[in-house]
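Coordinates as given in query_22.cif (mmCIF, C-alpha atoms):
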```cif
data_input
loop_
_atom_site.group_PDB
_atom_site.id
_atom_site.type_symbol
_atom_site.label_atom_id
_atom_site.label_comp_id
_atom_site.auth_asym_id
_atom_site.auth_seq_id
_atom_site.Cartn_x
_atom_site.Cartn_y
_atom_site.Cartn_z
ATOM 1 C CA MET E 24 105.289 108.178 107.101
ATOM 2 C CA LEU E 25 101.803 107.657 108.514
ATOM 3 C CA SER E 26 99.090 105.780 106.661
ATOM 4 C CA LEU E 27 96.075 107.754 105.444
ATOM 5 C CA ASP E 28 93.857 106.233 108.148
ATOM 6 C CA GLN E 29 96.364 107.231 110.832
ATOM 7 C CA ARG E 30 96.398 110.793 109.517
ATOM 8 C CA VAL E 31 92.584 110.850 109.567
ATOM 9 C CA ILE E 32 92.419 109.818 113.210
ATOM 10 C CA ASP E 33 95.257 112.153 114.218
ATOM 11 C CA GLN E 34 93.461 115.093 112.598
ATOM 12 C CA GLY E 35 90.131 114.175 114.180
ATOM 13 C CA LEU E 36 91.772 113.923 117.590
ATOM 14 C CA LEU E 37 93.381 117.337 117.138
ATOM 15 C CA TRP E 38 90.035 118.950 116.230
ATOM 16 C CA LEU E 39 88.303 117.364 119.215
ATOM 17 C CA GLN E 40 91.067 118.657 121.478
ATOM 18 C CA GLN E 41 90.436 122.122 120.009
ATOM 19 C CA GLY E 42 86.774 121.868 121.012
ATOM 20 C CA LYS E 43 85.382 121.210 117.532
ATOM 21 C CA VAL E 44 82.559 118.876 116.545
ATOM 22 C CA ILE E 45 83.736 116.385 113.912
ATOM 23 C CA TRP E 46 82.153 113.952 111.464
ATOM 24 C CA LEU E 47 83.981 110.649 111.145
ATOM 25 C CA CYS E 48 83.023 108.711 108.019
ATOM 26 C CA THR E 49 83.827 105.094 107.204
ATOM 27 C CA VAL E 50 83.161 103.227 103.956
ATOM 28 C CA LEU E 51 81.049 100.181 104.849
ATOM 29 C CA HIS E 52 80.605 98.594 101.447
ATOM 30 C CA SER E 53 81.193 99.354 97.798
ATOM 31 C CA TRP E 54 79.688 97.975 94.611
ATOM 32 C CA GLY E 55 81.000 98.357 91.092
ATOM 33 C CA SER E 56 84.237 100.278 90.639
ATOM 34 C CA ALA E 57 84.038 102.507 93.698
ATOM 35 C CA PRO E 58 87.631 103.717 94.236
ATOM 36 C CA ARG E 59 87.870 103.165 98.010
ATOM 37 C CA SER E 60 87.507 99.873 99.853
ATOM 38 C CA PRO E 61 85.508 99.121 103.043
ATOM 39 C CA GLY E 62 87.143 100.604 106.123
ATOM 40 C CA ALA E 63 88.450 103.714 104.350
ATOM 41 C CA MET E 64 87.920 106.843 106.459
ATOM 42 C CA LEU E 65 87.436 110.590 106.198
ATOM 43 C CA VAL E 66 87.078 113.162 108.965
ATOM 44 C CA ALA E 67 85.605 116.662 108.574
ATOM 45 C CA ASP E 68 84.756 119.664 110.711
ATOM 46 C CA ALA E 69 81.868 122.129 110.394
ATOM 47 C CA ASP E 70 84.024 124.615 108.455
ATOM 48 C CA GLY E 71 84.559 122.270 105.518
ATOM 49 C CA HIS E 72 88.073 121.141 106.400
ATOM 50 C CA TRP E 73 88.763 117.441 105.977
ATOM 51 C CA SER E 74 91.381 114.700 105.964
ATOM 52 C CA GLY E 75 91.145 111.341 104.216
ATOM 53 C CA SER E 76 89.062 110.055 101.333
ATOM 54 C CA LEU E 77 85.871 108.114 100.701
ATOM 55 C CA SER E 78 85.822 107.882 96.926
ATOM 56 C CA GLY E 79 88.974 109.426 95.529
ATOM 57 C CA GLY E 80 87.181 112.764 95.005
ATOM 58 C CA CYS E 81 83.753 111.819 93.646
ATOM 59 C CA ILE E 82 81.574 112.454 96.712
ATOM 60 C CA GLU E 83 83.765 114.431 99.131
ATOM 61 C CA GLU E 84 82.672 117.860 97.848
ATOM 62 C CA ASP E 85 79.000 116.969 98.162
ATOM 63 C CA PHE E 86 79.454 115.497 101.640
ATOM 64 C CA LEU E 87 81.337 118.564 102.939
ATOM 65 C CA ALA E 88 78.685 120.893 101.517
ATOM 66 C CA ARG E 89 75.952 118.931 103.276
ATOM 67 C CA VAL E 90 77.837 119.103 106.585
ATOM 68 C CA GLN E 91 78.137 122.885 106.272
ATOM 69 C CA GLN E 92 74.396 123.057 105.566
ATOM 70 C CA GLY E 93 73.632 121.251 108.842
ATOM 71 C CA ALA E 94 73.149 117.718 107.576
ATOM 72 C CA TYR E 95 73.958 114.635 109.654
ATOM 73 C CA PRO E 96 72.891 115.889 113.111
ATOM 74 C CA ARG E 97 72.478 112.364 114.534
ATOM 75 C CA ALA E 98 75.180 110.566 116.505
ATOM 76 C CA SER E 99 75.451 108.027 113.677
ATOM 77 C CA GLU E 100 73.688 107.141 110.445
ATOM 78 C CA ARG E 101 74.214 105.178 107.259
ATOM 79 C CA VAL E 102 74.329 107.099 103.972
ATOM 80 C CA ARG E 103 74.314 105.641 100.461
ATOM 81 C CA TYR E 104 75.886 107.383 97.466
ATOM 82 C CA GLY E 105 74.941 106.213 93.977
ATOM 83 C CA ALA E 106 72.077 103.976 92.778
ATOM 84 C CA GLU E 107 68.933 105.060 94.692
ATOM 85 C CA GLY E 108 70.908 106.990 97.301
ATOM 86 C CA LEU E 109 72.447 110.479 97.220
ATOM 87 C CA ALA E 110 73.621 111.660 93.825
ATOM 88 C CA PRO E 111 77.253 112.865 93.913
ATOM 89 C CA PRO E 112 78.256 115.781 91.652
ATOM 90 C CA VAL E 113 80.730 113.473 89.918
ATOM 91 C CA GLN E 114 79.385 110.032 89.016
ATOM 92 C CA LEU E 115 81.199 107.152 90.651
ATOM 93 C CA PRO E 116 83.145 105.052 88.111
ATOM 94 C CA CYS E 117 81.128 102.374 86.295
ATOM 95 C CA GLY E 118 78.022 103.116 88.314
ATOM 96 C CA GLY E 119 79.711 102.396 91.638
ATOM 97 C CA VAL E 120 77.745 102.572 94.899
ATOM 98 C CA LEU E 121 79.049 103.371 98.397
ATOM 99 C CA ASP E 122 77.495 102.776 101.807
ATOM 100 C CA VAL E 123 79.080 105.126 104.339
ATOM 101 C CA LEU E 124 78.819 105.290 108.130
ATOM 102 C CA VAL E 125 78.661 108.933 109.266
ATOM 103 C CA GLU E 126 79.310 109.622 112.958
ATOM 104 C CA ARG E 127 78.962 113.005 114.637
ATOM 105 C CA LEU E 128 81.396 113.227 117.537
ATOM 106 C CA GLU E 129 81.187 115.950 120.165
ATOM 107 C CA PRO E 130 84.385 117.239 121.842
ATOM 108 C CA GLN E 131 83.810 115.107 124.939
ATOM 109 C CA GLU E 132 85.992 112.651 126.838
ATOM 110 C CA HIS E 133 84.149 109.640 125.406
ATOM 111 C CA SER E 134 84.946 110.749 121.846
ATOM 112 C CA LEU E 135 88.543 111.550 122.762
ATOM 113 C CA ALA E 136 88.968 108.120 124.337
ATOM 114 C CA LEU E 137 87.581 106.433 121.207
ATOM 115 C CA LEU E 138 89.963 108.212 118.841
ATOM 116 C CA ARG E 139 92.928 107.592 121.142
ATOM 117 C CA ALA E 140 92.089 103.872 121.162
ATOM 118 C CA MET E 141 91.792 103.882 117.357
ATOM 119 C CA GLN E 142 95.068 105.786 117.098
ATOM 120 C CA GLN E 143 96.827 103.118 119.172
ATOM 121 C CA ALA E 144 95.225 100.251 117.243
ATOM 122 C CA LEU E 145 96.306 101.684 113.885
ATOM 123 C CA SER E 146 99.856 102.167 115.201
ATOM 124 C CA GLY E 147 100.326 98.536 116.215
ATOM 125 C CA GLY E 148 98.699 98.675 119.663
ATOM 126 C CA PRO E 149 95.766 96.590 120.917
ATOM 127 C CA LEU E 150 93.229 95.842 118.197
ATOM 128 C CA LEU E 151 89.642 96.780 118.883
ATOM 129 C CA THR E 152 86.111 96.193 117.681
ATOM 130 C CA ARG E 153 83.642 99.066 117.482
ATOM 131 C CA TYR E 154 79.922 98.536 118.065
ATOM 132 C CA ILE E 155 77.630 101.270 116.738
ATOM 133 C CA THR E 156 73.858 101.345 117.130
ATOM 134 C CA LEU E 157 72.717 103.710 114.393
ATOM 135 C CA GLY E 158 71.278 106.930 115.777
ATOM 136 C CA CYS E 159 72.879 106.302 119.148
ATOM 137 C CA ASP E 160 76.303 106.427 120.753
ATOM 138 C CA HIS E 161 79.303 104.225 120.072
ATOM 139 C CA GLU E 162 81.118 101.595 122.116
ATOM 140 C CA TRP E 163 84.309 99.634 121.560
ATOM 141 C CA GLN E 164 86.061 96.622 122.971
ATOM 142 C CA PRO E 165 89.833 95.890 122.868
ATOM 143 C CA LEU E 166 90.684 92.412 121.636
ATOM 144 C CA ALA E 167 92.814 89.961 123.578
ATOM 145 C CA GLN E 168 96.321 89.518 122.191
ATOM 146 C CA GLY E 169 96.305 87.080 119.296
ATOM 147 C CA ALA E 170 92.541 87.228 118.850
ATOM 148 C CA PRO E 171 91.510 87.737 115.202
ATOM 149 C CA LEU E 172 89.691 90.855 114.097
ATOM 150 C CA PRO E 173 86.023 90.227 113.255
ATOM 151 C CA SER E 174 84.733 91.061 109.805
ATOM 152 C CA LEU E 175 83.073 94.391 109.115
ATOM 153 C CA ARG E 176 79.308 93.867 109.044
ATOM 154 C CA TYR E 177 76.200 96.011 109.243
ATOM 155 C CA ASP E 178 72.443 96.072 108.850
ATOM 156 C CA ASP E 179 69.714 98.702 109.081
ATOM 157 C CA ASP E 180 70.227 99.159 112.821
ATOM 158 C CA SER E 181 73.859 98.521 113.707
ATOM 159 C CA VAL E 182 77.470 98.334 112.566
ATOM 160 C CA VAL E 183 80.343 96.144 113.760
ATOM 161 C CA LEU E 184 83.597 97.792 112.742
ATOM 162 C CA PRO E 185 87.063 96.248 113.264
ATOM 163 C CA VAL E 186 90.000 98.593 113.815
ATOM 164 C CA GLY E 187 93.461 97.121 113.415
ATOM 165 C CA ALA E 188 97.000 97.994 112.582
ATOM 166 C CA VAL E 189 98.017 98.747 109.034
ATOM 167 C CA THR E 190 99.938 96.070 107.156
ATOM 168 C CA THR E 191 103.302 95.409 108.797
ATOM 169 C CA VAL E 192 106.412 94.631 106.767
ATOM 170 C CA LEU E 193 109.101 92.840 108.780
ATOM 171 C CA ILE E 194 112.479 93.109 107.081
ATOM 172 C CA ALA E 195 115.074 90.567 108.149
ATOM 173 C CA GLY E 196 118.460 92.210 107.822
ATOM 174 C CA TYR E 197 119.529 95.480 106.208
ATOM 175 C CA SER E 198 120.793 95.649 102.612
ATOM 176 C CA ALA E 199 120.553 97.873 99.545
ATOM 177 C CA VAL E 200 117.338 96.128 98.502
ATOM 178 C CA ALA E 201 116.004 96.353 102.057
ATOM 179 C CA SER E 202 116.633 100.111 102.025
ATOM 180 C CA ASP E 203 114.440 100.591 98.938
ATOM 181 C CA CYS E 204 111.793 98.190 100.298
ATOM 182 C CA ILE E 205 111.628 100.243 103.492
ATOM 183 C CA ARG E 206 111.113 103.501 101.613
ATOM 184 C CA LEU E 207 108.467 102.035 99.309
ATOM 185 C CA ALA E 208 106.631 100.304 102.164
ATOM 186 C CA LEU E 209 106.484 103.577 104.095
ATOM 187 C CA MET E 210 105.169 105.367 100.995
ATOM 188 C CA LEU E 211 102.355 102.795 100.880
ATOM 189 C CA GLY E 212 101.481 103.596 104.489
ATOM 190 C CA PHE E 213 102.738 100.286 105.877
ATOM 191 C CA ARG E 214 104.290 99.870 109.308
ATOM 192 C CA VAL E 215 107.896 98.673 108.934
ATOM 193 C CA VAL E 216 109.982 96.714 111.433
ATOM 194 C CA VAL E 217 113.640 96.145 110.564
ATOM 195 C CA CYS E 218 115.570 93.523 112.547
ATOM 196 C CA GLU E 219 119.338 93.810 112.197
ATOM 197 C CA HIS E 220 121.708 92.216 114.718
ATOM 198 C CA ARG E 221 124.978 93.070 112.946
ATOM 199 C CA ASP E 222 126.597 96.204 114.353
ATOM 200 C CA ALA E 223 127.917 97.669 111.081
ATOM 201 C CA GLU E 224 124.660 97.130 109.198
ATOM 202 C CA PHE E 225 122.609 98.504 112.085
ATOM 203 C CA GLU E 226 124.719 101.688 112.037
ATOM 204 C CA GLN E 227 124.143 101.993 108.277
ATOM 205 C CA LEU E 228 120.425 101.536 108.807
ATOM 206 C CA GLN E 229 120.220 104.298 111.390
ATOM 207 C CA ALA E 230 122.386 106.646 109.325
ATOM 208 C CA ALA E 231 120.352 106.084 106.158
ATOM 209 C CA LEU E 232 116.846 106.321 107.588
ATOM 210 C CA GLY E 233 117.098 107.843 111.057
ATOM 211 C CA SER E 234 113.854 108.538 112.865
ATOM 212 C CA CYS E 235 110.684 108.067 110.856
ATOM 213 C CA GLU E 236 107.009 107.568 111.659
ATOM 214 C CA ASN E 237 105.931 103.929 111.301
ATOM 215 C CA LEU E 238 109.554 102.707 111.141
ATOM 216 C CA HIS E 239 110.882 100.614 114.033
ATOM 217 C CA CYS E 240 114.518 99.429 114.024
ATOM 218 C CA VAL E 241 115.426 96.570 116.353
ATOM 219 C CA GLN E 242 119.012 95.439 116.947
ATOM 220 C CA LEU E 243 118.203 91.761 117.221
ATOM 221 C CA HIS E 244 118.538 88.750 114.943
ATOM 222 C CA PRO E 245 115.225 88.526 113.020
ATOM 223 C CA ALA E 246 114.803 84.848 113.878
ATOM 224 C CA ARG E 247 115.137 85.669 117.571
ATOM 225 C CA TYR E 248 112.687 88.556 117.169
ATOM 226 C CA LEU E 249 110.113 86.204 115.621
ATOM 227 C CA GLU E 250 110.767 83.632 118.343
ATOM 228 C CA GLN E 251 110.110 86.251 121.029
ATOM 229 C CA SER E 252 107.416 88.423 119.424
ATOM 230 C CA GLY E 253 105.891 86.358 116.636
ATOM 231 C CA ALA E 254 104.076 87.954 113.700
ATOM 232 C CA SER E 255 100.412 88.614 113.050
ATOM 233 C CA ALA E 256 98.331 87.579 110.061
ATOM 234 C CA GLY E 257 98.726 91.155 108.812
ATOM 235 C CA THR E 258 102.512 90.830 108.487
ATOM 236 C CA ALA E 259 104.749 90.316 105.460
ATOM 237 C CA ILE E 260 108.209 88.901 106.284
ATOM 238 C CA LEU E 261 111.030 89.694 103.836
ATOM 239 C CA CYS E 262 114.476 88.080 103.827
ATOM 240 C CA LEU E 263 116.752 90.282 101.734
ATOM 241 C CA THR E 264 120.390 89.704 102.777
ATOM 242 C CA HIS E 265 121.545 86.711 100.653
ATOM 243 C CA ASP E 266 123.140 85.455 103.899
ATOM 244 C CA PRO E 267 121.794 82.016 104.914
ATOM 245 C CA ARG E 268 122.792 82.699 108.531
ATOM 246 C CA VAL E 269 120.157 85.440 108.476
ATOM 247 C CA ASP E 270 117.678 84.391 105.796
ATOM 248 C CA ASP E 271 117.448 80.658 106.447
ATOM 249 C CA LEU E 272 117.098 80.959 110.215
ATOM 250 C CA THR E 273 114.459 83.653 109.784
ATOM 251 C CA LEU E 274 112.483 81.554 107.303
ATOM 252 C CA MET E 275 112.516 78.606 109.707
ATOM 253 C CA GLU E 276 110.778 80.796 112.289
ATOM 254 C CA ALA E 277 108.587 82.682 109.816
ATOM 255 C CA VAL E 278 106.722 79.598 108.582
ATOM 256 C CA HIS E 279 105.481 78.986 112.130
ATOM 257 C CA THR E 280 103.689 82.348 112.174
ATOM 258 C CA PRO E 281 100.381 83.284 110.495
ATOM 259 C CA ALA E 282 102.151 85.959 108.384
ATOM 260 C CA PHE E 283 100.277 86.392 105.088
ATOM 261 C CA TYR E 284 103.484 86.761 103.033
ATOM 262 C CA ILE E 285 106.942 85.214 103.473
ATOM 263 C CA GLY E 286 109.571 85.965 100.849
ATOM 264 C CA ALA E 287 113.289 85.451 100.259
ATOM 265 C CA MET E 288 115.457 87.202 97.683
ATOM 266 C CA GLY E 289 117.616 85.192 95.289
ATOM 267 C CA SER E 290 117.798 83.768 91.803
ATOM 268 C CA ALA E 291 115.645 80.801 90.821
ATOM 269 C CA LYS E 292 118.662 78.495 91.137
ATOM 270 C CA ASN E 293 119.725 79.807 94.555
ATOM 271 C CA SER E 294 116.121 79.799 95.752
ATOM 272 C CA GLN E 295 115.823 76.107 94.881
ATOM 273 C CA LYS E 296 119.008 75.380 96.825
ATOM 274 C CA ARG E 297 117.656 77.335 99.799
ATOM 275 C CA LEU E 298 114.395 75.398 99.831
ATOM 276 C CA GLN E 299 116.351 72.159 99.686
ATOM 277 C CA ARG E 300 118.494 73.263 102.660
ATOM 278 C CA LEU E 301 115.397 74.211 104.624
ATOM 279 C CA ALA E 302 113.877 70.799 103.943
ATOM 280 C CA GLU E 303 117.003 68.770 104.723
ATOM 281 C CA LEU E 304 118.568 70.785 107.548
ATOM 282 C CA GLY E 305 115.571 72.677 108.875
ATOM 283 C CA GLY E 306 113.107 69.810 108.585
ATOM 284 C CA LEU E 307 110.462 71.996 106.950
ATOM 285 C CA SER E 308 107.526 70.198 105.362
ATOM 286 C CA ASP E 309 106.379 70.681 101.781
ATOM 287 C CA GLN E 310 103.419 72.646 103.150
ATOM 288 C CA ALA E 311 105.703 75.028 105.030
ATOM 289 C CA LEU E 312 108.032 75.446 102.050
ATOM 290 C CA ALA E 313 105.068 76.263 99.813
ATOM 291 C CA ARG E 314 104.409 79.366 101.910
ATOM 292 C CA ILE E 315 107.768 80.882 100.939
ATOM 293 C CA HIS E 316 107.848 83.171 97.896
ATOM 294 C CA ALA E 317 111.256 82.418 96.434
ATOM 295 C CA PRO E 318 112.342 84.089 94.277
ATOM 296 C CA ILE E 319 110.603 86.997 95.948
ATOM 297 C CA GLY E 320 108.311 89.415 94.137
ATOM 298 C CA LEU E 321 106.469 89.575 90.848
ATOM 299 C CA PRO E 322 108.422 88.303 87.803
ATOM 300 C CA ILE E 323 109.082 91.629 86.066
ATOM 301 C CA GLY E 324 112.753 91.012 85.235
ATOM 302 C CA SER E 325 113.932 93.241 88.079
ATOM 303 C CA LYS E 326 117.672 93.716 88.482
ATOM 304 C CA THR E 327 118.378 96.878 90.489
ATOM 305 C CA PRO E 328 117.535 97.292 94.186
ATOM 306 C CA GLY E 329 114.739 99.693 93.295
ATOM 307 C CA GLU E 330 113.245 97.300 90.744
ATOM 308 C CA ILE E 331 113.429 94.375 93.170
ATOM 309 C CA ALA E 332 111.743 96.503 95.846
ATOM 310 C CA LEU E 333 108.986 97.448 93.390
ATOM 311 C CA ALA E 334 108.405 93.806 92.438
ATOM 312 C CA THR E 335 108.402 92.757 96.099
ATOM 313 C CA LEU E 336 105.954 95.374 97.383
ATOM 314 C CA ALA E 337 103.673 94.855 94.378
ATOM 315 C CA ASP E 338 103.548 91.143 95.193
ATOM 316 C CA ILE E 339 102.745 91.896 98.835
ATOM 317 C CA VAL E 340 99.849 94.128 97.754
ATOM 318 C CA ARG E 341 98.647 91.429 95.336
ATOM 319 C CA VAL E 342 98.570 88.732 98.022
ATOM 320 C CA ARG E 343 97.063 91.051 100.633
ATOM 321 C CA ASN E 344 94.249 91.907 98.227
ATOM 322 C CA GLY E 345 93.525 88.229 97.585
ATOM 323 C CA LEU E 346 94.699 88.079 93.975
#
```

With the file now loaded, output its structure as structure tokens.
Amino acid sequence: MLSLDQRVIDQGLLWLQQGKVIWLCTVLHSWGSAPRSPGAMLVADADGHWSGSLSGGCIEEDFLARVQQGAYPRASERVRYGAEGLAPPVQLPCGGVLDVLVERLEPQEHSLALLRAMQQALSGGPLLTRYITLGCDHEWQPLAQGAPLPSLRYDDDSVVLPVGAVTTVLIAGYSAVASDCIRLALMLGFRVVVCEHRDAEFEQLQAALGSCENLHCVQLHPARYLEQSGASAGTAILCLTHDPRVDDLTLMEAVHTPAFYIGAMGSAKNSQKRLQRLAELGGLSDQALARIHAPIGLPIGSKTPGEIALATLADIVRVRNGL
């Protein structure tokens, strides 16, 4: 299952390939209770077709009508909805305000190359930074591997726009809980990597989920995968097997990555024993152990695999959003 941003770029690329002019819109900033966060995208053509969302439905109708009336002829411009800007037909919640970058892209090779680069970046390929001078054309620069994405920033004349992969969930070992976590993570538009070195479990994984967009199954011990490939700051690492030969070894590698979330399934008692093992046998410091969410997930009294998956993914979203 593709994320909404991936679907936006895929649709825009298809329209460009069909010879259509498109308008690519990106939320730059929101105030109040605007429903969509900075970086959210929408793409539209001149006939009023669109993919994506800027406000959850408050301003899309007005924007599409303006496009069909010939608005936004410049290569790029900044538009404000709410406050002293454009008045949407449906008021944004709690007086919210949105600043939106609107880009008009012609069906030319430069535009096609941009969307292909964005498509790759959102799918886990090289990250990139876009540089837009308002009223003029657009440029972009791929980032070196391991380099952090810059923050989105803008002023009256220019915009710096980072484009990076969606949140990645790395699942260490396949289990009933892992199966539900995979499905829920894909529903949320996350990229999912499952590392499973055991033959029987890997066969179960392939039989249960098969081929799916944004799902990558690797027949390799998760600790070895992390040793070889590492994990970015946009990754959540989940240990869900109850097998210390899988979970403990993975955690020992995970704490040496910049992953924003590291979690291990187990009761409070078993989690305490695991942390003690990791300290005594793995030599992990108190600082490293503090990074591990164990027991994993929000404390909602979850018992079934589906409930544990819900608690786990909700906790990932909480931490990712800085709460």

Each residue of region 267-292 of chain E with at least one atom at most 8 Å from region 305-326 of chain E should appear once, together with its nearest atom pair and the corresponding distance in Å (one decimal); atoms considered: all atoms listed in the file; ordering: chain, then increasing residue number; output as a Markdown table.
```
| residue | atom | partner | partner_atom | distance |
| --- | --- | --- | --- | --- |
| E:Leu274 | CA | E:Ile315 | CA | 7.9 |
| E:Met275 | CA | E:Gly305 | CA | 6.7 |
| E:Val278 | CA | E:Ala311 | CA | 5.9 |
| E:Tyr284 | CA | E:Arg314 | CA | 7.5 |
| E:Ile285 | CA | E:Ile315 | CA | 5.1 |
| E:Gly286 | CA | E:His316 | CA | 4.4 |
| E:Ala287 | CA | E:Ala317 | CA | 5.3 |
| E:Met288 | CA | E:Ile319 | CA | 5.2 |
| E:Gly289 | CA | E:Pro318 | CA | 5.5 |
| E:Ser290 | CA | E:Pro318 | CA | 6.0 |
| E:Ala291 | CA | E:Pro318 | CA | 5.8 |
```

Name the residues that the PyMOL selection byres ((chain E and resi 100) around 12) pulls out of this structure, and write them as a compact mmCIF listing (two decimals) with C-alpha atoms, keeping the file's coordinate frame.
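Dumped to part05.txt:
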```
# COMPACT_ATOMS: atom_id res chain seq x y z
CA TRP E 46 82.15 113.95 111.46
CA LEU E 47 83.98 110.65 111.14
CA CYS E 48 83.02 108.71 108.02
CA THR E 49 83.83 105.09 107.20
CA LEU E 51 81.05 100.18 104.85
CA ALA E 94 73.15 117.72 107.58
CA TYR E 95 73.96 114.64 109.65
CA PRO E 96 72.89 115.89 113.11
CA ARG E 97 72.48 112.36 114.53
CA ALA E 98 75.18 110.57 116.50
CA SER E 99 75.45 108.03 113.68
CA ARG E 101 74.21 105.18 107.26
CA VAL E 102 74.33 107.10 103.97
CA ARG E 103 74.31 105.64 100.46
CA ASP E 122 77.50 102.78 101.81
CA VAL E 123 79.08 105.13 104.34
CA LEU E 124 78.82 105.29 108.13
CA VAL E 125 78.66 108.93 109.27
CA GLU E 126 79.31 109.62 112.96
CA ARG E 127 78.96 113.00 114.64
CA ILE E 155 77.63 101.27 116.74
CA THR E 156 73.86 101.34 117.13
CA LEU E 157 72.72 103.71 114.39
CA GLY E 158 71.28 106.93 115.78
CA CYS E 159 72.88 106.30 119.15
CA ASP E 160 76.30 106.43 120.75
CA HIS E 161 79.30 104.22 120.07
CA TYR E 177 76.20 96.01 109.24
CA ASP E 178 72.44 96.07 108.85
CA ASP E 179 69.71 98.70 109.08
CA ASP E 180 70.23 99.16 112.82
CA SER E 181 73.86 98.52 113.71
CA VAL E 182 77.47 98.33 112.57
```

Counting all atoms listed in the file, the residue of E:Ser198, E:Gln251, E:Ser60, E:Gln299 that sits nearest Phe225 (chain E):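 Between E:Ser198, E:Gln251, E:Ser60, E:Gln299, the residue approaching Phe225 (chain E) most closely is E:Ser198.
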
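Shortest separation to Thr273 (chain E) among E:Gly196, E:Pro328, E:Pro61, E:Gly35 occurs at residue E:Gly196, atoms counted being all atoms listed in the file.
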
Residues matched by the PyMOL selection byres ((chain E and resi 142) around 12) as a PyMOL selection string: chain E and resi 25-37+135-141+143-151+186-189

Separation of CA of Arg153 (chain E) from CA of Gln40 (chain E), in Å and rounded to one decimal: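 It comes out at 21.3 Å.
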
Matched chain/residue IDs from the PyMOL selection byres ((chain E and resi 342) around 12), as a PyMOL selection string: chain E and resi 190+257-259+282-286+314+316+320-321+335-341+343-346

Two-atom distance - CA of Ala334 (chain E), CA of Arg247 (chain E) (Å):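 For CA of Ala334 (chain E) relative to CA of Arg247 (chain E), the distance reads 27.3 Å.
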
Interatomic distance, CA of Ser76 (chain E) to CA of Gly93 (chain E) (Å, one decimal): 20.5 Å

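The smallest atom-to-atom distance between Glu276 (chain E) and any of E:Leu87, E:Val183, E:Ala170, E:Cys262, using all atoms listed in the file, is found for E:Cys262.
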